[in-house]
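Text of input.cif (mmCIF, C-alpha atoms) as supplied:
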data_coords
#
loop_
_atom_site.label_atom_id
_atom_site.label_comp_id
_atom_site.auth_asym_id
_atom_site.auth_seq_id
_atom_site.Cartn_x
_atom_site.Cartn_y
_atom_site.Cartn_z
CA MET A 1 -59.04 -35.57 37.29
CA LYS A 2 -56.12 -37.59 35.90
CA LYS A 3 -55.66 -35.02 33.15
CA PHE A 4 -55.28 -32.20 35.69
CA LEU A 5 -52.89 -34.28 37.77
CA VAL A 6 -50.70 -35.16 34.77
CA LEU A 7 -50.83 -31.56 33.50
CA GLY A 8 -49.94 -30.19 36.96
CA LEU A 9 -47.09 -32.67 37.34
CA GLY A 10 -45.73 -31.69 33.88
CA VAL A 11 -45.83 -27.98 34.73
CA CYS A 12 -44.03 -28.61 38.04
CA MET A 13 -41.31 -30.64 36.30
CA MET A 14 -40.89 -27.95 33.66
CA PHE A 15 -40.32 -25.31 36.35
CA ALA A 16 -37.97 -27.61 38.24
CA PHE A 17 -35.72 -28.31 35.23
CA SER A 18 -35.75 -24.80 33.80
CA SER A 19 -34.72 -23.09 37.02
CA CYS A 20 -31.71 -25.35 37.69
CA LYS A 21 -28.30 -24.00 36.78
CA SER A 22 -25.23 -26.12 36.98
CA LYS A 23 -22.30 -25.05 39.10
CA LYS A 24 -20.08 -24.96 36.00
CA GLU A 25 -22.32 -22.44 34.27
CA SER A 26 -22.32 -20.13 37.25
CA ALA A 27 -18.53 -20.48 37.69
CA TYR A 28 -17.97 -19.62 34.03
CA LYS A 29 -20.33 -16.67 34.26
CA THR A 30 -18.57 -15.39 37.39
CA ALA A 31 -15.14 -15.68 35.74
CA TYR A 32 -16.45 -13.95 32.62
CA ASP A 33 -17.95 -11.11 34.62
CA GLN A 34 -14.69 -10.65 36.57
CA ALA A 35 -12.62 -10.58 33.37
CA LYS A 36 -15.01 -8.11 31.76
CA GLN A 37 -14.85 -5.85 34.82
CA GLN A 38 -11.04 -6.00 34.86
CA GLU A 39 -10.97 -5.17 31.14
CA LEU A 40 -13.16 -2.12 31.73
CA VAL A 41 -10.93 -0.92 34.57
CA GLN A 42 -7.79 -1.32 32.46
CA GLY A 43 -9.46 0.44 29.53
CA GLU A 44 -10.27 3.43 31.72
CA SER A 45 -6.70 3.65 33.05
CA GLN A 46 -5.24 3.44 29.55
CA ALA A 47 -7.61 6.07 28.23
CA SER A 48 -6.39 8.64 30.74
CA GLU A 49 -2.70 8.23 29.84
CA PRO A 50 -1.37 10.51 27.07
CA ILE A 51 -0.48 8.85 23.81
CA GLU A 52 2.88 9.68 22.28
CA ILE A 53 3.16 9.32 18.53
CA ALA A 54 6.60 8.49 17.22
CA PRO A 55 7.73 10.29 14.06
CA VAL A 56 7.74 8.24 10.89
CA THR A 57 11.16 7.68 9.41
CA SER A 58 11.82 6.08 6.09
CA LYS A 59 14.97 4.41 4.97
CA THR A 60 15.79 4.20 1.31
CA THR A 61 17.91 1.34 0.21
CA SER A 62 19.78 1.19 -3.03
CA LYS A 63 19.44 -1.76 -5.33
CA ALA A 64 22.96 -2.75 -4.29
CA ASP A 65 21.51 -3.48 -0.84
CA ALA A 66 18.90 -5.81 -2.34
CA THR A 67 18.21 -8.74 -0.08
CA TYR A 68 18.44 -12.24 -1.39
CA ARG A 69 17.76 -15.80 -0.29
CA THR A 70 20.53 -18.36 -0.29
CA GLU A 71 19.76 -21.86 -1.56
CA LYS A 72 21.66 -24.64 -3.26
CA VAL A 73 19.82 -25.31 -6.51
CA ILE A 74 20.40 -27.43 -9.59
CA LEU A 75 19.21 -26.86 -13.15
CA ALA A 76 16.03 -28.82 -13.94
CA SER A 77 14.97 -27.25 -17.28
CA GLY A 78 16.66 -24.75 -19.55
CA ALA A 79 19.96 -24.08 -21.26
CA ALA A 80 22.96 -25.69 -19.59
CA GLY A 81 25.48 -23.19 -18.24
CA SER A 82 22.94 -20.38 -18.02
CA LEU A 83 22.50 -20.63 -14.22
CA LYS A 84 24.69 -17.99 -12.54
CA ALA A 85 25.28 -17.01 -8.90
CA PHE A 86 22.36 -14.53 -8.60
CA SER A 87 18.98 -15.28 -10.15
CA VAL A 88 15.61 -13.54 -10.31
CA VAL A 89 12.95 -15.99 -9.12
CA CYS A 90 9.44 -15.19 -10.34
CA GLY A 91 7.68 -18.39 -9.30
CA SER A 92 8.00 -21.34 -6.91
CA PHE A 93 6.20 -24.64 -7.31
CA SER A 94 6.18 -28.08 -5.75
CA SER A 95 5.24 -29.52 -9.16
CA LYS A 96 7.73 -29.51 -12.03
CA THR A 97 4.86 -29.50 -14.52
CA ASN A 98 3.59 -26.16 -13.17
CA ALA A 99 7.10 -24.72 -13.13
CA ASP A 100 7.67 -25.78 -16.75
CA ALA A 101 4.36 -24.19 -17.78
CA LEU A 102 5.44 -20.82 -16.35
CA ARG A 103 8.90 -21.21 -17.89
CA ASN A 104 7.34 -21.81 -21.32
CA LYS A 105 5.16 -18.70 -20.90
CA LEU A 106 8.22 -16.60 -20.05
CA VAL A 107 10.24 -18.04 -22.94
CA GLY A 108 7.33 -17.01 -25.19
CA GLU A 109 7.70 -13.46 -23.83
CA GLY A 110 11.40 -13.45 -24.74
CA TYR A 111 12.98 -14.30 -21.38
CA ASN A 112 15.79 -16.84 -21.05
CA ALA A 113 13.82 -18.64 -18.34
CA LEU A 114 15.04 -21.64 -16.38
CA VAL A 115 13.60 -24.07 -13.87
CA VAL A 116 15.88 -24.92 -10.98
CA GLN A 117 15.25 -27.34 -8.14
CA ASN A 118 16.23 -27.11 -4.50
CA PRO A 119 16.90 -30.77 -3.64
CA ALA A 120 16.66 -30.07 0.09
CA THR A 121 13.05 -28.83 -0.13
CA GLY A 122 11.95 -30.34 -3.43
CA MET A 123 10.72 -26.94 -4.61
CA TYR A 124 11.05 -25.87 -8.23
CA ARG A 125 11.99 -22.22 -8.79
CA VAL A 126 11.26 -20.47 -12.08
CA VAL A 127 14.13 -18.11 -12.90
CA CYS A 128 13.55 -15.36 -15.46
CA ALA A 129 17.15 -14.02 -15.41
CA SER A 130 20.49 -15.09 -13.96
CA TYR A 131 23.69 -13.07 -13.42
CA ASP A 132 27.05 -13.33 -11.70
CA ASP A 133 26.63 -9.83 -10.25
CA LYS A 134 24.08 -9.03 -7.52
CA GLN A 135 23.50 -5.49 -8.84
CA GLN A 136 22.67 -6.76 -12.33
CA ALA A 137 20.26 -9.29 -10.84
CA ALA A 138 18.59 -6.59 -8.73
CA ASP A 139 18.21 -4.36 -11.79
CA ALA A 140 16.74 -7.28 -13.76
CA ARG A 141 14.25 -7.96 -10.97
CA GLU A 142 13.08 -4.34 -10.98
CA SER A 143 12.81 -4.42 -14.77
CA PHE A 144 10.82 -7.66 -14.64
CA LYS A 145 8.42 -6.18 -12.10
CA ALA A 146 8.04 -3.03 -14.22
CA ASN A 147 7.20 -5.17 -17.28
CA HIS A 148 4.43 -6.97 -15.34
CA PRO A 149 2.75 -4.26 -13.23
CA ASN A 150 -0.65 -5.99 -13.15
CA ASP A 151 0.58 -9.45 -12.10
CA ALA A 152 0.61 -9.64 -8.29
CA ASP A 153 2.60 -12.88 -8.30
CA PHE A 154 5.35 -11.39 -10.47
CA GLN A 155 5.52 -8.36 -8.16
CA LYS A 156 6.78 -10.79 -5.49
CA ALA A 157 9.87 -11.70 -7.54
CA TRP A 158 12.96 -12.20 -5.39
CA LEU A 159 16.69 -12.76 -5.68
CA LEU A 160 18.26 -16.16 -5.20
CA TYR A 161 21.94 -16.68 -4.45
CA ASN A 162 23.03 -20.15 -5.55
CA ARG A 163 25.70 -21.21 -3.11
#
Would it be possible to restate this file's structure as structure tokens?
Amino acid sequence: MKKFLVLGLGVCMMFAFSSCKSKKESAYKTAYDQAKQQELVQGESQASEPIEIAPVTSKTTSKADATYRTEKVILASGAAGSLKAFSVVCGSFSSKTNADALRNKLVGEGYNALVVQNPATGMYRVVCASYDDKQQAADARESFKANHPNDADFQKAWLLYNR
């Protein structure tokens, strides 16, 4: 008799706790259902409006229009006097050791590579070429990219103007 009473009481408690829903759950469900309904209504109204496709226009820029970043940098490694106004940056590092490793690799490939530091940010930039003329620097950047077509990092080479 006690077994049936305990078993019956357990079943009743199980039904009591499983059927209760908190007010938060129902409020969240109501808000979700309203948002979903509103999304469906907006989707239907957008689907009926005609879509206008704008023509694609391309703008070609000459290398003379090459964009550059302006920073004040100082020579950290390399030949003194070889840092000019416009430089081709092929790597940026927070560690001088890593920058020097890339510089040594580029010197081994025949580049007059330098490591410069931006004192404001503490970043070390690896420069593979440096010129006084922006056009020469832009041409050197394109040549550098062409010489390293399979290196994704070198394809991101950019111009630096040392102010």
**OP:** Rounded to one decimal place, report the CA of Ala85 (chain A)-CA of Tyr161 (chain A) distance in Å.
**Re:**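 Pair CA of Ala85 (chain A) / CA of Tyr161 (chain A) returns 5.6 Å.
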Original post:
In Å, how far is it from CA of Ala146 (chain A) to CA of Thr70 (chain A)?
Top reply: 24.2 Å
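Distances here use all atoms listed in the file; by that measure, the residue among A:Ala129, A:Ala120, A:Ser143, A:Glu39 closest to Gly78 (chain A) is A:Ala129.
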**OP:** Can you pull out every residue within 10 Å of region 100-104 of chain A, counting all atoms listed in the file, but drop anything in the same chain fewer than 6 positions away, and send it as a PyMOL selection string?
**Re:** chain A and resi 76-78+90-93+110-115+124-128
Original post:
Rounded to one decimal in Å, what is the spacing between CA of Glu109 (chain A) and CA of Arg141 (chain A)?
Top reply: 15.4 Å
**OP:** To verify the selection step, state as number ranges by chain which residues the PyMOL selection byres ((chain A and resi 137) around 12) yields on this input.
**Re:** A: 63-68, 84-89, 127-136, 138-144, 157-161
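The closest residue to Met123 (chain A), picked from A:Arg69, A:His148, A:Lys96, A:Lys105 and counting only C-alpha atoms, is A:Lys96.
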Subject >> Using only C-alpha atoms: which of A:Tyr32, A:Leu40, A:Arg163, A:Pro119 has the shortest distance to Ser94 (chain A) >> reply: A:Pro119
**OP:** Using all atoms listed in the file, find the one residue out of A:Leu83, A:Val41, A:Leu75, A:Ala31 that sits nearest to Val116 (chain A).
**Re:**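 Smallest separation from Val116 (chain A) among the options: A:Leu75.
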Subject >> Nearest to Ile74 (chain A) by atom-to-atom distance, counting all atoms listed in the file, from A:Thr121, A:Asn150, A:Gln38, A:Asn162 >> reply: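 Closest to Ile74 (chain A), using all atoms listed in the file: A:Asn162.
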**OP:** Would you please work out which residue, of A:Leu106, A:Lys145, A:Glu71, A:Ala152, is nearest to Asn118 (chain A) when using all atoms listed in the file?
**Re:** A:Glu71
